[in-house]
$ cat work26.txt   # compact mmCIF, C-alpha atoms
# COMPACT_ATOMS: atom_id res chain seq x y z
CA MET A 15 12.08 65.81 -65.49
CA GLY A 16 12.86 67.01 -68.97
CA ALA A 17 12.75 66.50 -72.67
CA LEU A 18 13.69 62.83 -72.52
CA LYS A 19 11.42 61.57 -69.75
CA GLY A 20 9.01 62.48 -66.98
CA SER A 21 6.27 65.07 -66.81
CA VAL A 22 6.69 68.22 -68.84
CA THR A 23 6.75 71.78 -67.53
CA VAL A 24 7.65 74.09 -70.37
CA ARG A 25 7.70 77.68 -71.48
CA ARG A 26 7.24 78.17 -75.23
CA PHE A 27 9.11 80.68 -77.33
CA LEU A 28 9.31 81.76 -80.93
CA ILE A 29 12.38 82.95 -82.79
CA LYS A 30 12.38 86.65 -83.61
CA GLY A 31 13.89 87.42 -86.99
CA PRO A 32 15.25 85.17 -89.74
CA GLU A 33 16.45 81.77 -88.61
CA PRO A 34 19.82 80.39 -89.62
CA ASN A 35 19.58 77.22 -91.69
CA ASP A 36 23.26 76.41 -91.55
CA ARG A 37 23.76 73.72 -88.94
CA ASN A 38 27.53 74.25 -88.92
CA ARG A 39 26.95 77.84 -87.93
CA LEU A 40 24.58 76.76 -85.17
CA MET A 41 27.18 74.28 -83.90
CA LYS A 42 29.81 77.01 -83.88
CA GLY A 43 27.59 79.15 -81.64
CA ILE A 44 26.88 76.21 -79.35
CA ARG A 45 30.53 75.24 -78.96
CA ALA A 46 31.54 78.84 -78.35
CA HIS A 47 29.08 78.96 -75.45
CA ALA A 48 29.42 75.48 -74.00
CA LEU A 49 29.70 75.57 -70.25
CA VAL A 50 33.16 76.28 -68.87
CA PRO A 51 33.44 74.44 -65.54
CA ILE A 52 34.29 76.57 -62.53
CA ASP A 53 37.94 76.52 -61.52
CA PRO A 54 37.95 76.03 -57.73
CA ARG A 55 41.22 77.98 -57.55
CA GLY A 56 39.51 81.06 -59.02
CA ASP A 57 36.77 83.17 -57.50
CA VAL A 58 33.90 82.60 -59.93
CA GLU A 59 30.83 81.42 -58.02
CA ARG A 60 28.48 80.68 -60.89
CA SER A 61 28.89 79.63 -64.50
CA HIS A 62 26.38 78.78 -67.18
CA GLY A 63 26.48 77.44 -70.74
CA TRP A 64 25.37 74.61 -72.97
CA ALA A 65 25.76 70.90 -72.19
CA ALA A 66 24.56 67.74 -73.91
CA LEU A 67 20.89 66.95 -73.35
CA GLU A 68 21.56 63.31 -72.62
CA ASP A 69 24.50 63.86 -70.29
CA LEU A 70 25.01 67.12 -68.41
CA HIS A 71 28.68 66.28 -67.90
CA ASP A 72 29.29 66.02 -71.62
CA LEU A 73 30.58 69.40 -72.76
CA ASP A 74 32.27 68.14 -75.92
CA LEU A 75 29.30 69.01 -78.10
CA SER A 76 29.01 67.64 -81.61
CA SER A 77 26.19 67.49 -84.18
CA GLU A 78 25.34 63.88 -83.26
CA LYS A 79 24.71 64.92 -79.66
CA VAL A 80 22.70 68.04 -80.52
CA PHE A 81 20.50 67.33 -83.55
CA PHE A 82 17.60 64.88 -83.32
CA GLY A 83 15.78 64.93 -86.62
CA GLU A 84 14.64 68.51 -87.12
CA ALA A 85 15.15 69.33 -83.45
CA LEU A 86 18.12 70.99 -81.83
CA ALA A 87 18.27 69.81 -78.24
CA LEU A 88 20.56 71.02 -75.46
CA ALA A 89 20.68 71.55 -71.74
CA LEU A 90 21.32 74.94 -70.20
CA ARG A 91 23.71 73.96 -67.42
CA VAL A 92 24.26 76.18 -64.40
CA ASP A 93 27.11 75.37 -62.01
CA THR A 94 27.44 77.00 -58.62
CA LEU A 95 30.46 76.68 -56.36
CA ARG A 96 29.85 78.37 -53.06
CA PRO A 97 30.99 76.92 -49.72
CA PRO A 98 28.14 76.69 -47.16
CA GLY A 99 27.70 80.03 -45.40
CA ALA A 100 27.42 78.47 -41.93
CA VAL A 101 30.73 76.62 -42.33
CA VAL A 102 32.48 79.76 -43.57
CA LYS A 103 31.11 81.75 -40.64
CA ARG A 104 32.21 79.17 -38.06
CA MET A 105 35.72 78.86 -39.50
CA VAL A 106 36.14 82.63 -39.69
CA GLU A 107 35.02 83.05 -36.06
CA GLU A 108 37.37 80.32 -34.86
CA GLY A 109 40.31 81.67 -36.83
CA LEU A 110 39.84 85.24 -35.65
CA LYS A 111 39.65 84.12 -32.00
CA ALA A 112 43.26 83.02 -32.31
CA LEU A 113 44.28 86.65 -32.85
CA GLY A 114 43.56 87.30 -29.16
CA ARG A 115 42.12 90.76 -29.91
CA ARG A 116 39.23 92.39 -31.71
CA PRO A 117 39.91 92.09 -35.46
CA THR A 118 39.59 95.07 -37.78
CA LYS A 119 37.05 95.01 -40.61
CA ALA A 120 39.86 94.59 -43.12
CA GLU A 121 41.24 91.61 -41.20
CA LYS A 122 37.78 90.02 -41.08
CA ARG A 123 37.33 90.50 -44.81
CA ALA A 124 40.76 89.15 -45.65
CA TYR A 125 40.42 86.12 -43.39
CA LYS A 126 36.98 85.32 -44.79
CA ALA A 127 38.34 85.44 -48.34
CA GLU A 128 41.10 83.06 -47.30
CA VAL A 129 38.62 80.63 -45.72
CA VAL A 130 36.36 80.71 -48.79
CA LYS A 131 39.36 80.09 -51.05
CA LYS A 132 40.41 77.09 -48.96
CA LEU A 133 36.89 75.64 -48.76
CA ARG A 134 36.32 76.00 -52.51
CA LEU A 135 39.07 73.44 -53.07
CA GLN A 136 37.17 70.95 -50.91
CA ALA A 137 33.65 71.68 -52.14
CA PHE A 138 31.83 70.21 -55.11
CA PRO A 139 29.92 72.51 -57.44
CA SER A 140 26.17 72.05 -57.65
CA ILE A 141 25.22 71.21 -61.24
CA ARG A 142 21.76 71.90 -62.64
CA GLY A 143 20.53 71.41 -66.15
CA THR A 144 17.39 72.69 -67.86
CA ASP A 145 16.43 71.19 -71.19
CA LEU A 146 15.80 73.15 -74.34
CA VAL A 147 14.42 71.88 -77.64
CA TRP A 148 14.33 74.06 -80.75
CA ASN A 149 12.21 72.75 -83.59
CA LEU A 150 14.08 74.04 -86.62
CA ASP A 151 11.09 73.31 -88.87
CA THR A 152 8.55 75.41 -87.02
CA GLY A 153 10.83 77.86 -85.22
CA ARG A 154 9.34 76.93 -81.85
CA VAL A 155 11.54 76.62 -78.79
CA LEU A 156 10.56 74.73 -75.66
CA PHE A 157 12.36 75.44 -72.39
CA TRP A 158 11.80 73.18 -69.40
CA SER A 159 11.38 75.84 -66.74
CA HIS A 160 9.05 78.65 -65.75
CA SER A 161 11.71 80.30 -63.56
CA ARG A 162 12.29 83.95 -64.38
CA ARG A 163 15.99 83.74 -63.45
CA LEU A 164 16.60 80.76 -65.72
CA THR A 165 14.54 82.32 -68.50
CA ASP A 166 16.70 85.45 -68.34
CA LEU A 167 19.84 83.30 -68.56
CA LEU A 168 18.36 81.47 -71.55
CA LEU A 169 17.42 84.64 -73.44
CA ASP A 170 20.92 86.00 -72.94
CA LEU A 171 22.74 82.77 -73.86
CA PHE A 172 20.52 82.14 -76.89
CA LYS A 173 21.24 85.59 -78.24
CA LYS A 174 24.98 85.24 -77.66
CA SER A 175 25.08 81.77 -79.23
CA PHE A 176 22.85 82.26 -82.27
CA GLY A 177 22.39 86.02 -82.57
CA LEU A 178 18.63 85.51 -82.21
CA GLU A 179 16.02 86.76 -79.81
CA LEU A 180 13.33 84.60 -78.29
CA VAL A 181 9.79 85.86 -77.75
CA ALA A 182 7.35 84.17 -75.38
CA ASP A 183 4.58 82.51 -77.40
CA GLY A 184 1.73 83.75 -75.24
CA PRO A 185 -1.69 85.34 -75.79
CA GLY A 186 -0.23 88.46 -77.42
CA GLN A 187 1.67 86.62 -80.14
CA LEU A 188 -1.28 84.31 -80.79
CA THR A 189 -3.63 87.24 -81.15
CA LYS A 190 -1.31 88.97 -83.58
CA ARG A 191 -0.89 85.83 -85.68
CA ALA A 192 -4.65 85.36 -85.74
CA GLY A 193 -4.80 88.58 -87.70
CA LEU A 194 -7.00 90.30 -85.16
CA SER A 195 -6.36 93.89 -84.37
CA THR A 196 -5.22 94.29 -80.78
CA ALA A 197 -6.07 97.99 -80.66
CA PRO A 198 -9.76 97.76 -79.71
CA LEU A 199 -9.17 94.96 -77.26
CA ALA A 200 -9.27 96.12 -73.67
CA PRO A 201 -9.97 94.00 -70.61
CA THR A 202 -13.63 93.05 -70.22
CA ALA A 203 -14.97 95.24 -67.41
CA GLU A 204 -17.02 92.41 -65.90
CA MET A 205 -13.89 90.29 -65.57
CA VAL A 206 -12.17 93.02 -63.63
CA LEU A 207 -14.96 94.62 -61.62
CA GLY A 208 -17.39 91.74 -61.38
CA PHE A 209 -20.78 91.12 -62.98
CA PRO A 210 -23.61 93.55 -62.21
CA GLY A 211 -26.00 92.31 -59.56
CA LEU A 212 -23.74 89.54 -58.32
CA PRO A 213 -22.26 89.36 -54.82
CA GLY A 214 -18.78 90.73 -54.41
CA ARG A 215 -19.02 93.54 -56.94
CA PRO A 216 -18.11 96.78 -55.19
CA ALA A 217 -21.14 98.85 -54.19
CA ASP A 218 -19.88 101.96 -55.97
CA MET A 219 -19.82 100.00 -59.19
CA GLU A 220 -23.47 99.09 -58.66
CA ASP A 221 -24.21 102.79 -58.20
CA ALA A 222 -22.38 103.57 -61.42
CA ASP A 223 -24.45 100.97 -63.28
CA ALA A 224 -27.63 102.49 -62.00
CA MET B 3 3.98 67.85 -93.79
CA PRO B 4 5.97 70.36 -91.74
CA GLU B 5 4.10 73.34 -90.42
CA ALA B 6 4.94 76.70 -91.91
CA LYS B 7 7.54 78.70 -90.03
CA LEU B 8 6.18 81.36 -87.76
CA ARG B 9 7.12 84.98 -88.07
CA ILE B 10 7.16 87.43 -85.22
CA GLU B 11 5.99 90.98 -85.51
CA ASP B 12 8.22 93.37 -83.64
CA ASP B 13 5.52 94.81 -81.48
CA ALA B 14 6.11 95.43 -77.82
CA GLU B 15 2.39 95.95 -77.09
CA LEU B 16 1.76 92.27 -77.70
CA GLU B 17 3.49 91.41 -74.48
CA ASP B 18 0.70 93.13 -72.59
CA LEU B 19 -2.22 90.92 -73.52
CA ALA B 20 -2.07 88.66 -70.49
CA PHE B 21 -5.67 89.67 -69.71
CA LEU B 22 -6.78 87.77 -72.79
CA GLY B 23 -5.28 84.59 -71.34
CA ARG B 24 -7.18 85.14 -68.08
CA GLU B 25 -10.43 85.78 -69.92
CA PHE B 26 -9.79 82.73 -72.11
CA LEU B 27 -9.49 80.32 -69.20
CA THR B 28 -12.60 81.81 -67.59
CA TRP B 29 -14.51 81.55 -70.88
CA LEU B 30 -13.27 77.97 -71.25
CA LEU B 31 -14.71 77.04 -67.87
CA TRP B 32 -18.06 78.51 -68.91
CA ARG B 33 -17.95 76.54 -72.18
CA VAL B 34 -17.01 73.27 -70.51
CA ASP B 35 -19.60 73.71 -67.79
CA ARG B 36 -22.28 74.17 -70.45
CA GLY B 37 -21.22 70.93 -72.08
CA GLU B 38 -19.46 72.76 -74.92
CA GLY B 39 -15.92 71.63 -74.23
CA THR B 40 -15.43 70.01 -77.62
CA PHE B 41 -13.28 71.80 -80.19
CA GLY B 42 -13.10 69.96 -83.48
CA ASP B 43 -11.87 66.45 -82.70
CA PHE B 44 -10.78 66.98 -79.09
CA SER B 45 -12.53 67.75 -75.86
CA VAL B 46 -11.41 69.73 -72.83
CA SER B 47 -12.38 69.17 -69.22
CA PHE B 48 -11.23 70.64 -65.93
CA GLY B 49 -9.22 68.72 -63.34
CA THR B 50 -9.01 68.94 -59.58
CA ARG B 51 -7.37 72.33 -59.06
CA VAL B 52 -8.11 75.87 -60.12
CA ARG B 53 -6.70 79.22 -58.97
CA LEU B 54 -8.62 82.48 -59.23
CA LYS B 55 -7.54 86.02 -58.53
CA GLY B 56 -8.78 89.56 -59.06
CA VAL B 57 -6.80 92.15 -60.96
CA SER B 58 -6.28 94.94 -58.49
CA GLY B 59 -6.52 95.29 -54.75
CA ASP B 60 -6.89 91.53 -54.40
CA ALA B 61 -3.99 90.33 -52.35
CA THR B 62 -5.15 86.76 -52.00
CA ASP B 63 -5.52 83.92 -54.45
CA ALA B 64 -8.50 81.60 -54.21
CA ILE B 65 -7.23 78.08 -54.76
CA LEU B 66 -9.97 75.50 -55.10
CA LYS B 67 -9.17 71.80 -54.97
CA GLY B 68 -11.32 68.73 -55.25
CA GLY B 69 -13.19 66.56 -57.68
CA ALA B 70 -15.14 69.34 -59.37
CA ALA B 71 -13.34 72.40 -58.01
CA ALA B 72 -13.73 74.46 -61.17
CA HIS B 73 -17.45 73.71 -61.37
CA SER B 74 -18.19 74.60 -57.74
CA SER B 75 -20.39 77.50 -56.69
CA ALA B 76 -17.29 78.97 -55.01
CA ALA B 77 -15.62 79.26 -58.42
CA ARG B 78 -18.68 80.93 -59.92
CA ALA B 79 -18.96 83.30 -56.97
CA ALA B 80 -15.34 84.31 -57.52
CA VAL B 81 -15.89 84.92 -61.25
CA GLY B 82 -19.06 86.88 -60.48
CA ALA B 83 -17.05 89.10 -58.13
CA GLY B 84 -14.49 89.92 -60.84
CA ARG B 85 -11.91 87.23 -60.31
CA THR B 86 -10.55 85.37 -63.30
CA LEU B 87 -8.97 81.96 -63.61
CA ARG B 88 -5.18 82.26 -63.34
CA ASP B 89 -4.29 78.61 -63.72
CA ALA B 90 -6.11 75.34 -63.81
CA ASP B 91 -5.57 71.62 -64.15
CA LEU B 92 -7.01 70.49 -67.47
CA ARG B 93 -7.55 67.29 -69.38
CA ILE B 94 -7.70 67.02 -73.15
CA VAL B 95 -8.88 63.90 -74.92
CA ARG B 96 -8.38 63.26 -78.60
CA GLY B 97 -9.48 59.83 -79.77
CA ASP B 98 -8.10 57.33 -77.29
CA ARG B 99 -5.29 59.58 -76.14
CA GLU B 100 -5.34 61.80 -73.09
CA TRP B 101 -3.17 64.72 -71.93
CA ARG B 102 -3.35 65.99 -68.33
CA PHE B 103 -1.66 69.27 -67.54
CA GLY B 104 -1.75 72.60 -65.77
CA LEU B 105 -2.26 75.74 -67.85
CA ASP B 106 -1.02 79.18 -66.79
CA ALA B 107 -3.62 81.61 -68.13
CA GLU B 108 -1.44 84.70 -68.57
CA THR B 109 1.32 82.98 -70.56
CA LEU B 110 -0.41 79.82 -71.76
CA ASP B 111 2.60 77.97 -70.34
CA LEU B 112 2.17 74.25 -69.76
CA ARG B 113 2.90 72.68 -66.38
CA ALA B 114 3.29 69.07 -65.22
CA VAL B 115 2.06 67.64 -68.51
CA LYS B 116 1.32 63.95 -68.48
CA LEU B 117 1.52 62.75 -72.05
CA PRO B 118 -0.32 59.82 -73.61
CA ALA B 119 1.60 56.54 -73.58
CA LEU B 120 4.43 56.42 -76.11
CA LEU B 121 4.31 53.84 -78.87
CA THR B 122 7.97 53.75 -79.90
CA GLU B 123 10.82 51.84 -78.24
CA GLU B 124 14.05 53.43 -79.50
CA ASP B 125 15.37 56.35 -77.43
CA ASP B 126 15.68 58.79 -80.34
CA ASP B 127 12.23 57.87 -81.64
CA ARG B 128 10.75 58.22 -78.15
CA PHE B 129 12.24 61.70 -77.86
CA LEU B 130 10.75 62.74 -81.19
CA GLU B 131 7.40 61.20 -80.27
CA ARG B 132 7.38 63.11 -76.97
CA MET B 133 8.11 66.34 -78.82
CA ALA B 134 5.32 65.60 -81.30
CA LEU B 135 2.87 64.98 -78.45
CA ILE B 136 3.86 68.24 -76.73
CA ASP B 137 3.43 70.08 -80.05
CA GLU B 138 0.04 68.44 -80.51
CA LEU B 139 -1.07 69.57 -77.05
CA ASP B 140 0.25 73.07 -77.71
CA GLY B 141 -1.69 73.12 -80.98
CA MET B 142 -4.94 72.08 -79.26
CA VAL B 143 -4.59 74.72 -76.54
CA LYS B 144 -4.02 77.32 -79.25
CA GLU B 145 -7.00 76.08 -81.24
CA ALA B 146 -9.25 76.57 -78.21
CA PHE B 147 -7.68 80.00 -77.60
CA LEU B 148 -8.33 81.03 -81.20
CA GLU B 149 -11.96 80.03 -80.88
CA PHE B 150 -12.14 82.23 -77.80
CA LEU B 151 -10.51 85.07 -79.74
CA ARG B 152 -13.12 84.81 -82.48
CA ASP B 153 -15.86 85.16 -79.85
CA ARG B 154 -13.98 87.88 -78.03
CA SER B 155 -13.35 90.09 -81.04
CA ARG B 156 -16.95 90.20 -82.23
CA PRO B 157 -19.63 92.65 -81.06
CA ALA B 158 -21.51 89.53 -79.91
CA TRP B 159 -19.06 89.30 -77.00
CA ASN B 160 -20.84 92.14 -75.22
CA ARG B 161 -24.29 91.54 -76.71
CA SER B 162 -24.69 87.83 -76.08
CA VAL B 163 -21.64 86.11 -74.58
CA LEU B 164 -21.31 88.23 -71.45
CA PRO B 165 -25.07 88.10 -70.69
CA ALA B 166 -24.96 84.31 -71.15
CA LEU B 167 -21.95 84.12 -68.87
CA ARG B 168 -23.81 86.15 -66.28
CA ASP B 169 -26.85 83.86 -66.55
CA TRP B 170 -24.58 80.89 -66.00
CA LEU B 171 -23.12 82.51 -62.89
CA VAL B 172 -26.58 83.35 -61.60
CA ASP B 173 -27.77 79.78 -62.19
CA GLY B 174 -24.76 78.44 -60.36
CA LEU B 175 -25.25 80.74 -57.43
CA ARG B 176 -29.01 80.12 -57.38
CA ILE B 177 -29.74 83.82 -57.28
CA ASP B 178 -33.18 84.98 -58.26
CA ASN B 179 -32.34 86.92 -61.38
CA ARG B 180 -35.63 88.75 -61.29
CA ALA B 181 -34.80 90.42 -57.99

$ encode --input "work26.txt" --output "C-alpha cells"
Amino acid sequence: MGALKGSVTVRRFLIKGPEPNDRNRLMKGIRAHALVPIDPRGDVERSHGWAALEDLHDLDLSSEKVFFGEALALALRVDTLRPPGAVVKRMVEEGLKALGRRPTKAEKRAYKAEVVKKLRLQAFPSIRGTDLVWNLDTGRVLFWSHSRRLTDLLLDLFKKSFGLELVADGPGQLTKRAGLSTAPLAPTAEMVLGFPGLPGRPADMEDADA
Amino acid sequence: MPEAKLRIEDDAELEDLAFLGREFLTWLLWRVDRGEGTFGDFSVSFGTRVRLKGVSGDATDAILKGGAAAHSSAARAAVGAGRTLRDADLRIVRGDREWRFGLDAETLDLRAVKLPALLTEEDDDRFLERMALIDELDGMVKEAFLEFLRDRSRPAWNRSVLPALRDWLVDGLRIDNRA
C-alpha cells in the first residue's frame, strides 16, 4: 500500500526553513543518497537510501522517475541481510561439537562469525520500501508510515539529502499557523480529571469542587 | 491556484500540544452527536471503531467497536470520567464523494484512508489525483480542527461549551442532573 495504489496510511510533515527550488540540486542530493545494496561479502546488516517510487529495485534515479508534476516522489528503501538466528545457532552448535572439547568464548565467537559470513552468501536481503511524496508547491511531505523507527530514518536521510528538516504537521503547528497564542492554552481539566458529578471522576476531585 | 507555501516557526513548545488533538476529537464527537457535523460543504461522521484513554494512571485503553461505537453510552461514560478520544474511524462526505479513514488524535495522522473513486485512467494522472484527494482530506480535517480551535481559544469554552458538553454526557448517561 502506498502512494500509487491501495489504502493510505500517512504521516504529514512540513519543511522547516527555506525550500530549494533548483531541481538539479534536489536530484544531486537524491543520487548521493540512493540506496547502496548490501554486499554479502561484507558485514553490513542494514542499509537504507532512496529508490524509485515505481520500482524499488531501480536505484538509477533520474528526474523522469522522481518528479510527477509539482511532486517529488521516492521510496525510502531499507535492506536487511541477516541470516536466520536459529540456523546460525544450529550450525554453530554442530560445528563446535566436532572440536571434541568445550570451546572457549573466543572460539565460539570466531566460529559464529565464520558461519554468519558463509550464510550471508546464501541468503537474500529483505527489501522494504516506504513511499514519500513532497509537494514542492505547498511544502508538504507525506510519508507512508507511522513507525517511529522509519520516521527517524526519514528525518535523518531527508536532512542529509536536502539539508532540510521536517516537522510533523500536527496540532501544535496548526495552532501556531492559526495565529492563536499557545501560551494560555493548557489541557482542559474536565478532559483530564473527568466532569464534575459524573461517574468515574475521582472522589477527591469531587471534594475539591465542593 | 497553488496554495501558498507554509512557513514553520522554530518553536519547540509546539510539539507539546498533543492534548489539543485529543480534545479536538472528543469535541468532534460531541458536535457530530448533536447533529452538528457539517463544516462548510462537508460533513463528518464516526465509523465503527473508537479508542479512548485517560491521561495519567490509566493503563488500559477502552476500544469500542460496532455500528455506533462512538455514540454509545460507554463512550460518554469514558469521556465523563476524564478519558479522551485517542483515535477513531471517521467518514467525511463532500458532495458525492466519500473518504473513510482513521484519525490519530495526538498527531492528526491519517490511517487506512479509503479515497473516493478515481476519475482518471493514466498512471501519472491517477497518482496526481490520489495526491489531490489526500490533500483535500487533509484540508478538511484541518478545517474542522481550526473550528475547534476557535471555540477552544475563546472564554466561551469554559462558560458555555464545557457545560453543554457535560449536559450531553448527562443526557447520554441518563443521569438525573438535578441530583

$ interface_residues --input "work26.txt" --of "chain A" --to "chain B" --cutoff "8 Å" --atoms "all atoms listed in the file" --output "JSON, numbers by chain"
{"A": [17, 18, 20, 21, 22, 23, 24, 25, 26, 28, 29, 30, 31, 82, 83, 151, 152, 153, 160, 182, 183, 184, 185, 186, 187, 188, 189, 190, 192, 194, 196, 199, 201, 202, 204, 205, 206, 207, 208, 209, 212, 213, 214, 215]}

$ residues_near_point --input "work26.txt" --point "(27.4, 75.1, -84.0)" --cutoff "10 Å" --atoms "all atoms listed in the file" --output "number ranges by chain"
A: 36-47, 75-77, 80, 175-176

$ residues_around --input "work26.txt" --residues "Arg60 (chain A)" --least-positions-apart "6" --cutoff "10 Å" --atoms "all atoms listed in the file" --output "number ranges by chain"
A: 51-52, 92-96, 139-140

$ write_last_selection --input "work26.txt" --atoms "C-alpha atoms" --output "short mmCIF file (atom, residue, chain, number, x, y, z; two decimals), keeping the file's coordinate frame"
data_model
loop_
_atom_site.label_atom_id
_atom_site.label_comp_id
_atom_site.auth_asym_id
_atom_site.auth_seq_id
_atom_site.Cartn_x
_atom_site.Cartn_y
_atom_site.Cartn_z
CA PRO A 51 33.44 74.44 -65.54
CA ILE A 52 34.29 76.57 -62.53
CA VAL A 92 24.26 76.18 -64.40
CA ASP A 93 27.11 75.37 -62.01
CA THR A 94 27.44 77.00 -58.62
CA LEU A 95 30.46 76.68 -56.36
CA ARG A 96 29.85 78.37 -53.06
CA PRO A 139 29.92 72.51 -57.44
CA SER A 140 26.17 72.05 -57.65
#

$ atom_distance --input "work26.txt" --atom1 "CA of Gly109 (chain A)" --atom2 "CA of Ala137 (chain A)"
19.5 Å

$ closest_residue --input "work26.txt" --among "A:Lys103, A:Arg163, A:Lys19, A:Arg116" --to "Val130 (chain A)" --atoms "all atoms listed in the file"
A:Lys103

$ axis_aligned_box --input "work26.txt" --around "region 148-153 of chain A" --padding-each-side "8 Å" --output "AutoDock Vina command-line options"
--center_x 11.4 --center_y 75.3 --center_z -84.8 --size_x 21.8 --size_y 21.1 --size_z 24.1

$ residues_near_point --input "work26.txt" --point "(15.9, 81.2, -65.1)" --cutoff "12 Å" --atoms "only C-alpha atoms" --output "compact mmCIF listing (two decimals) with C-alpha atoms, keeping the file's coordinate frame"
# COMPACT_ATOMS: atom_id res chain seq x y z
CA ARG A 25 7.70 77.68 -71.48
CA HIS A 62 26.38 78.78 -67.18
CA LEU A 90 21.32 74.94 -70.20
CA ARG A 91 23.71 73.96 -67.42
CA VAL A 92 24.26 76.18 -64.40
CA ARG A 142 21.76 71.90 -62.64
CA GLY A 143 20.53 71.41 -66.15
CA THR A 144 17.39 72.69 -67.86
CA ASP A 145 16.43 71.19 -71.19
CA PHE A 157 12.36 75.44 -72.39
CA TRP A 158 11.80 73.18 -69.40
CA SER A 159 11.38 75.84 -66.74
CA HIS A 160 9.05 78.65 -65.75
CA SER A 161 11.71 80.30 -63.56
CA ARG A 162 12.29 83.95 -64.38
CA ARG A 163 15.99 83.74 -63.45
CA LEU A 164 16.60 80.76 -65.72
CA THR A 165 14.54 82.32 -68.50
CA ASP A 166 16.70 85.45 -68.34
CA LEU A 167 19.84 83.30 -68.56
CA LEU A 168 18.36 81.47 -71.55
CA LEU A 169 17.42 84.64 -73.44
CA ASP A 170 20.92 86.00 -72.94
CA LEU A 171 22.74 82.77 -73.86

$ closest_residue --input "work26.txt" --among "A:Val147, A:Phe172, A:Phe81, A:Val181" --to "Gly16 (chain A)" --atoms "all atoms listed in the file"
A:Val147

$ atom_distance --input "work26.txt" --atom1 "CA of Ala158 (chain B)" --atom2 "CA of Asp91 (chain B)"
28.7 Å

$ residues_around --input "work26.txt" --residues "Pro97 (chain A)" --least-positions-apart "2" --cutoff "12 Å" --atoms "all atoms listed in the file" --output "list in words"
Pro54, Asp57, Glu59, Thr94, Leu95, Gly99, Ala100, Val101, Val102, Lys103, Arg104, Met105, Lys126, Ala127, Val129, Val130, Lys131, Lys132, Leu133, Arg134, Leu135, Gln136, Ala137, Phe138, Pro139 and Ser140 of chain A

$ atom_distance --input "work26.txt" --atom1 "CA of Val34 (chain B)" --atom2 "CA of Pro157 (chain B)"
22.2 Å

$ residues_around --input "work26.txt" --residues "region 40-45 of chain B" --least-positions-apart "6" --cutoff "9 Å" --atoms "only C-alpha atoms" --output "JSON, numbers by chain"
{"B": [33, 34, 93, 94, 95, 96, 97, 142, 145, 146, 149]}
